[in-house]
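What follows is one structure encoded as structure tokens, with my remarks underneath.
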Amino acid sequence: MEYVKLNNGVNMPKLGFGVFQIPKEECEKSVLDAITVGYRHIDTAQSYFNEEEVGNAISKCGVPREELFITTKVWIDNYGYEKAKQSVLKSMQKLKVDYIDLVLLHQPYSDYYGAYHALQDLYEQGKIRAIGVSNFSPDRLADIAAFNKVTPQINQVETNPLHQQIQAQQNMIERNIQIEAWAPFGEGKNNMFQNPVLKEIADKYNKSVAQIILRWLMQRDFVALAKSSQVDRMKENFEIFDFRLSKEDMDKIATLDTKTSLFFDHQTPETVDWFRQMIEERKDQF
């Protein structure tokens with residue numbers, strides 16, 4: 001495993017196991033399988049509705065707590081100081097832990113300042129080892145970094161070969177904030193796994209396209225999240241530390257960048273409206 005050192009000195013595994021869209025009934029087993037394969041970084045969120053199942057796996061896995069790196073994210077409807085604080089404490093109960101390694105604000109909307117102040121206080125109390133944000137554009141990230149006591153340790157954003165976040169990463173480097181990739185495979189959109197450039201490089205190293213993508217992210221000093229409920233795929237995604245891509249291959253992948261999200265643009269009014277609708281639809285689920 002490779003690690004990054006966050007701006008507060010905390011070491012974070014560069015490859016994590018994400019549980020987005022893993023059903024509750026499958027999540028505990030999937031996390032246990034991932035830990036058995038070797039993953040020590042597990043990423044969940046309040047809005048995934050599977051924190052409790054992740055907690056069950058943590059308590060049963062037999063791996064010492066200090067060897068695990070657990071991330072969760074505060075949902076928008078829990079923003080504001082007091083509500084965010086209480087929601088994190090509730091997440092700790094569901095995860096069956098007495099501290100969380102990393103807590104992120106999930107989206108850049110509503111009262112994220114109040115929520116971030118809650119994370120700062122929990123961080124200073126030792127209940128959270130690192131704090132950060134997710135899906136924050138460069139300007140909003142600069143804002144929250146400039147006007148708070150604690151600079152975010154992480155910004156988790158969509159990153160894959162078709163949406164490479166070159167400028168966003170540079171902005172984070174300048175502010176000493178670690179970039180983390182969600183959807184590194186783009187959920188297979190735009191025929192990602194059949195991309196001829198990626199397939200050619202995969203054949204060269206006798207690896208899969210997924211392994212090439214994760215290796216590319218490792219060499220760009222990203223933290224990356226891989227997700228699969230199949231053990232053989234978990235193992236495959238984990239086997240990326242025995243080779244390195246050449247500069248020529250890294251340059252070839254760089255030509256694939258469209259600078260466009262495969263999902264949605266967080267900076268459009270339509271996306272704000274969509275998240276507002278989602279909040280209303282999920283109110284009874286929390």
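Every chain in the structure tokens takes a letter, A first, then B, and so on in the order presented; its residues are numbered from 1, and the ligands are numbered from 1 following the presented order.
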
>> Quick one: residues within 9 Å of A:Ala130, only C-alpha atoms, excluding same-chain residues fewer than 5 positions away - as JSON, numbers by chain?
In response: {"A": [6, 8, 10, 100, 101, 102, 103, 104, 119, 123, 152, 153, 154]}

Output N, CA and C atoms of each residue in that selection to a file, as a short mmCIF file (atom, residue, chain, number, x, y, z; two decimals), in the first residue's frame.
data_model
loop_
_atom_site.label_atom_id
_atom_site.label_comp_id
_atom_site.auth_asym_id
_atom_site.auth_seq_id
_atom_site.Cartn_x
_atom_site.Cartn_y
_atom_site.Cartn_z
N LEU A 6 -1.26 13.82 5.08
CA LEU A 6 -2.14 14.98 4.98
C LEU A 6 -1.49 16.20 5.64
N ASN A 8 -2.05 17.78 8.14
CA ASN A 8 -1.96 17.75 9.60
C ASN A 8 -1.09 16.60 10.10
N VAL A 10 -1.40 13.34 9.36
CA VAL A 10 -2.08 12.03 9.37
C VAL A 10 -1.74 11.29 8.07
N ILE A 100 -13.54 9.00 14.15
CA ILE A 100 -13.60 8.77 12.71
C ILE A 100 -12.34 9.38 12.10
N ASP A 101 -11.72 8.67 11.19
CA ASP A 101 -10.46 9.15 10.63
C ASP A 101 -10.64 10.38 9.75
N LEU A 102 -11.74 10.42 8.97
CA LEU A 102 -11.95 11.54 8.07
C LEU A 102 -13.45 11.77 7.91
N VAL A 103 -13.88 13.02 8.08
CA VAL A 103 -15.26 13.40 7.82
C VAL A 103 -15.26 14.53 6.80
N LEU A 104 -16.06 14.36 5.76
CA LEU A 104 -16.17 15.34 4.69
C LEU A 104 -17.56 15.95 4.65
N LEU A 119 -17.32 20.49 12.22
CA LEU A 119 -16.22 19.55 11.99
C LEU A 119 -14.94 20.03 12.65
N TYR A 123 -12.92 17.99 15.40
CA TYR A 123 -11.52 17.71 15.10
C TYR A 123 -10.64 18.13 16.29
N PRO A 152 -8.94 22.50 5.12
CA PRO A 152 -9.36 21.13 4.80
C PRO A 152 -8.17 20.24 4.47
N GLN A 153 -8.24 19.01 4.93
CA GLN A 153 -7.19 18.06 4.58
C GLN A 153 -7.45 17.42 3.21
N ILE A 154 -8.72 17.33 2.81
CA ILE A 154 -9.11 16.58 1.61
C ILE A 154 -10.19 17.34 0.84
#

> Near A:Pro184, within 8 Å and counting only C-alpha atoms, which residues show up once chain neighbours fewer than 2 positions away are dropped, as a PyMOL selection string?
Replying inline: chain A and resi 158-161+181-182+186-187+213-214+224-226

> Could you state the separation of atom CA of A:Phe49 and atom CA of A:Val37 in Å, given to one decimal place?
Replying inline: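 Computing the Euclidean distance for atom CA of A:Phe49 and atom CA of A:Val37 yields 23.7 Å.
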
>> Give me the residues near A:Leu141 as JSON, numbers by chain, where near means some atom within 9 Å (using only C-alpha atoms) and where sequence neighbours in that chain fewer than 6 positions away do not count.
In response: {"A": [133, 152, 155, 171, 172]}

For the selection just defined, write its residues with N, CA and C atoms to a file, as a PDB file, in the first residue's frame.
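Written output follows (again.pdb):
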ATOM      1  N   VAL A 133     -13.779  18.304   2.524  1.00  0.00           N
ATOM      2  CA  VAL A 133     -14.983  18.573   1.741  1.00  0.00           C
ATOM      3  C   VAL A 133     -15.001  17.634   0.539  1.00  0.00           C
ATOM      4  N   PRO A 152      -8.938  22.498   5.119  1.00  0.00           N
ATOM      5  CA  PRO A 152      -9.364  21.132   4.803  1.00  0.00           C
ATOM      6  C   PRO A 152      -8.168  20.245   4.471  1.00  0.00           C
ATOM      7  N   ASN A 155     -10.149  17.232  -0.483  1.00  0.00           N
ATOM      8  CA  ASN A 155     -11.300  17.549  -1.320  1.00  0.00           C
ATOM      9  C   ASN A 155     -11.506  16.348  -2.239  1.00  0.00           C
ATOM     10  N   ASN A 171      -4.708  23.738  -7.923  1.00  0.00           N
ATOM     11  CA  ASN A 171      -5.238  24.626  -6.886  1.00  0.00           C
ATOM     12  C   ASN A 171      -5.094  23.997  -5.504  1.00  0.00           C
ATOM     13  N   MET A 172      -5.340  22.693  -5.410  1.00  0.00           N
ATOM     14  CA  MET A 172      -5.219  22.015  -4.119  1.00  0.00           C
ATOM     15  C   MET A 172      -3.758  21.897  -3.677  1.00  0.00           C
TER      16      MET A 172
END

> Which of these residues is nearest to A:Tyr3, using only C-alpha atoms: A:Gln170, A:Gln219, A:Gln86, A:Ser229?
Replying inline: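 Selected residue with least distance to A:Tyr3: A:Gln219.
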
> Looking only at the backbone, which of the residues in stretch 41-249 of chain A does DSSP tag as alpha helix (DSSP H), as number ranges by chain?
Replying inline: A: 51-60, 81-95, 112-124, 138-146, 166-174, 196-205, 209-219, 231-238, 247-249

>> As an exercise, work out the distance from atom CA of A:Ile128 to atom CA of A:Ile173 in Å and give it to one decimal place.
In response: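 Separation between atom CA of A:Ile128 and atom CA of A:Ile173: 22.8 Å.
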
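With distances restricted to only C-alpha atoms, A:Gln211 is the closest residue to A:Met234 from A:Asn195, A:Asn206, A:Gln164, A:Gln211.
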
>> Let me make sure I understand: among A:Ser261, A:Ser208, A:Gln125, A:Ser59, which one has the smallest atom-to-atom distance to A:Ala183 if we use only C-alpha atoms?
In response: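 Among the listed residues, the smallest separation from A:Ala183 belongs to A:Ser261.
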
Using only C-alpha atoms, which protein or nucleic acid residues come within 12 Å of A:Thr71? Drop anything in the same chain fewer than 3 positions from it, and give the result as a PDB file with C-alpha atoms, in the first residue's frame.
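part20.pdb was written with the following content:
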ATOM      1  CA  MET A  12      -3.897   8.057   4.676  1.00  0.00           C
ATOM      2  CA  PRO A  13      -3.904   4.961   2.426  1.00  0.00           C
ATOM      3  CA  GLY A  16      -9.664   2.968  -0.564  1.00  0.00           C
ATOM      4  CA  PHE A  17     -12.754   0.797  -0.826  1.00  0.00           C
ATOM      5  CA  GLY A  18     -15.930   2.768  -1.534  1.00  0.00           C
ATOM      6  CA  VAL A  19     -19.400   1.521  -0.601  1.00  0.00           C
ATOM      7  CA  ARG A  40      -7.607  -0.612   5.174  1.00  0.00           C
ATOM      8  CA  HIS A  41      -9.344   2.534   3.918  1.00  0.00           C
ATOM      9  CA  ILE A  42     -13.156   2.346   3.810  1.00  0.00           C
ATOM     10  CA  ASP A  43     -15.279   5.225   2.463  1.00  0.00           C
ATOM     11  CA  THR A  44     -18.981   5.614   3.283  1.00  0.00           C
ATOM     12  CA  ALA A  45     -21.429   8.491   3.789  1.00  0.00           C
ATOM     13  CA  GLN A  46     -24.569   9.335   5.690  1.00  0.00           C
ATOM     14  CA  GLU A  51     -22.894   3.266   7.814  1.00  0.00           C
ATOM     15  CA  VAL A  54     -19.835  -0.737   7.607  1.00  0.00           C
ATOM     16  CA  GLY A  55     -19.692  -0.503  11.404  1.00  0.00           C
ATOM     17  CA  LEU A  68      -8.192   1.108   9.596  1.00  0.00           C
ATOM     18  CA  VAL A  74     -22.165  14.753   6.232  1.00  0.00           C
ATOM     19  CA  VAL A  88     -21.376  13.089  13.081  1.00  0.00           C
ATOM     20  CA  SER A  91     -22.435   8.378  12.471  1.00  0.00           C
ATOM     21  CA  MET A  92     -19.854   7.375  15.081  1.00  0.00           C
ATOM     22  CA  LEU A  95     -19.890   2.941  12.674  1.00  0.00           C
ATOM     23  CA  VAL A  97     -16.131   3.703  16.651  1.00  0.00           C
ATOM     24  CA  TYR A  99     -13.319   8.404  16.488  1.00  0.00           C
ATOM     25  CA  ILE A 100     -13.599   8.769  12.711  1.00  0.00           C
ATOM     26  CA  ASP A 101     -10.458   9.148  10.629  1.00  0.00           C
ATOM     27  CA  LEU A 102     -11.954  11.536   8.067  1.00  0.00           C
ATOM     28  CA  VAL A 103     -15.260  13.396   7.824  1.00  0.00           C
ATOM     29  CA  LEU A 104     -16.168  15.345   4.691  1.00  0.00           C
ATOM     30  CA  LEU A 105     -18.940  17.755   3.810  1.00  0.00           C
ATOM     31  CA  HIS A 106     -20.611  15.870   0.975  1.00  0.00           C
ATOM     32  CA  ILE A 128     -12.185  13.292  14.023  1.00  0.00           C
ATOM     33  CA  ARG A 129      -8.584  12.862  12.855  1.00  0.00           C
ATOM     34  CA  ALA A 130      -8.999  14.805   9.597  1.00  0.00           C
ATOM     35  CA  ILE A 131     -11.693  16.957   7.992  1.00  0.00           C
ATOM     36  CA  GLY A 132     -12.466  18.076   4.499  1.00  0.00           C
ATOM     37  CA  VAL A 133     -14.983  18.573   1.741  1.00  0.00           C
ATOM     38  CA  SER A 134     -16.285  16.842  -1.358  1.00  0.00           C
ATOM     39  CA  ILE A 154      -9.114  16.582   1.613  1.00  0.00           C
ATOM     40  CA  GLN A 156     -12.946  14.494  -2.887  1.00  0.00           C
ATOM     41  CA  GLU A 180      -9.174  12.322  -3.686  1.00  0.00           C
ATOM     42  CA  LEU A 225     -11.699   4.873  -4.258  1.00  0.00           C
TER      43      LEU A 225
END

> Quick one, how far is atom CA of A:Gly188 from atom CA of A:Leu262?
Replying inline: 9.8 Å

> Pick from A:Met278, A:Ile144, A:Leu217, A:Leu162: nearest to A:Met192, with only C-alpha atoms counted?
Replying inline: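 The shortest atom-to-atom distance to A:Met192 comes from A:Leu162.
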
> Which residue gives the smallest distance to A:Leu15 among A:Glu200, A:Glu124, A:Asp232, A:Glu239, with only C-alpha atoms counted?
Replying inline: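 For A:Leu15, the nearest of the candidates is A:Glu239.
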
> So which residues of stretch 27-206 of chain A fall under strand (DSSP E or B) by DSSP, listed as an MDAnalysis selection string?
Replying inline: chainID A and resid 41:43 69:74 100:105 128:134 154:158 160 163 178:182

> Of the candidates A:Asn237, A:Gln21, A:Ser47, A:Thr72, which one gets nearest to A:Glu281 if we count only C-alpha atoms?
Replying inline: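 Between A:Asn237, A:Gln21, A:Ser47, A:Thr72, the residue approaching A:Glu281 most closely is A:Ser47.
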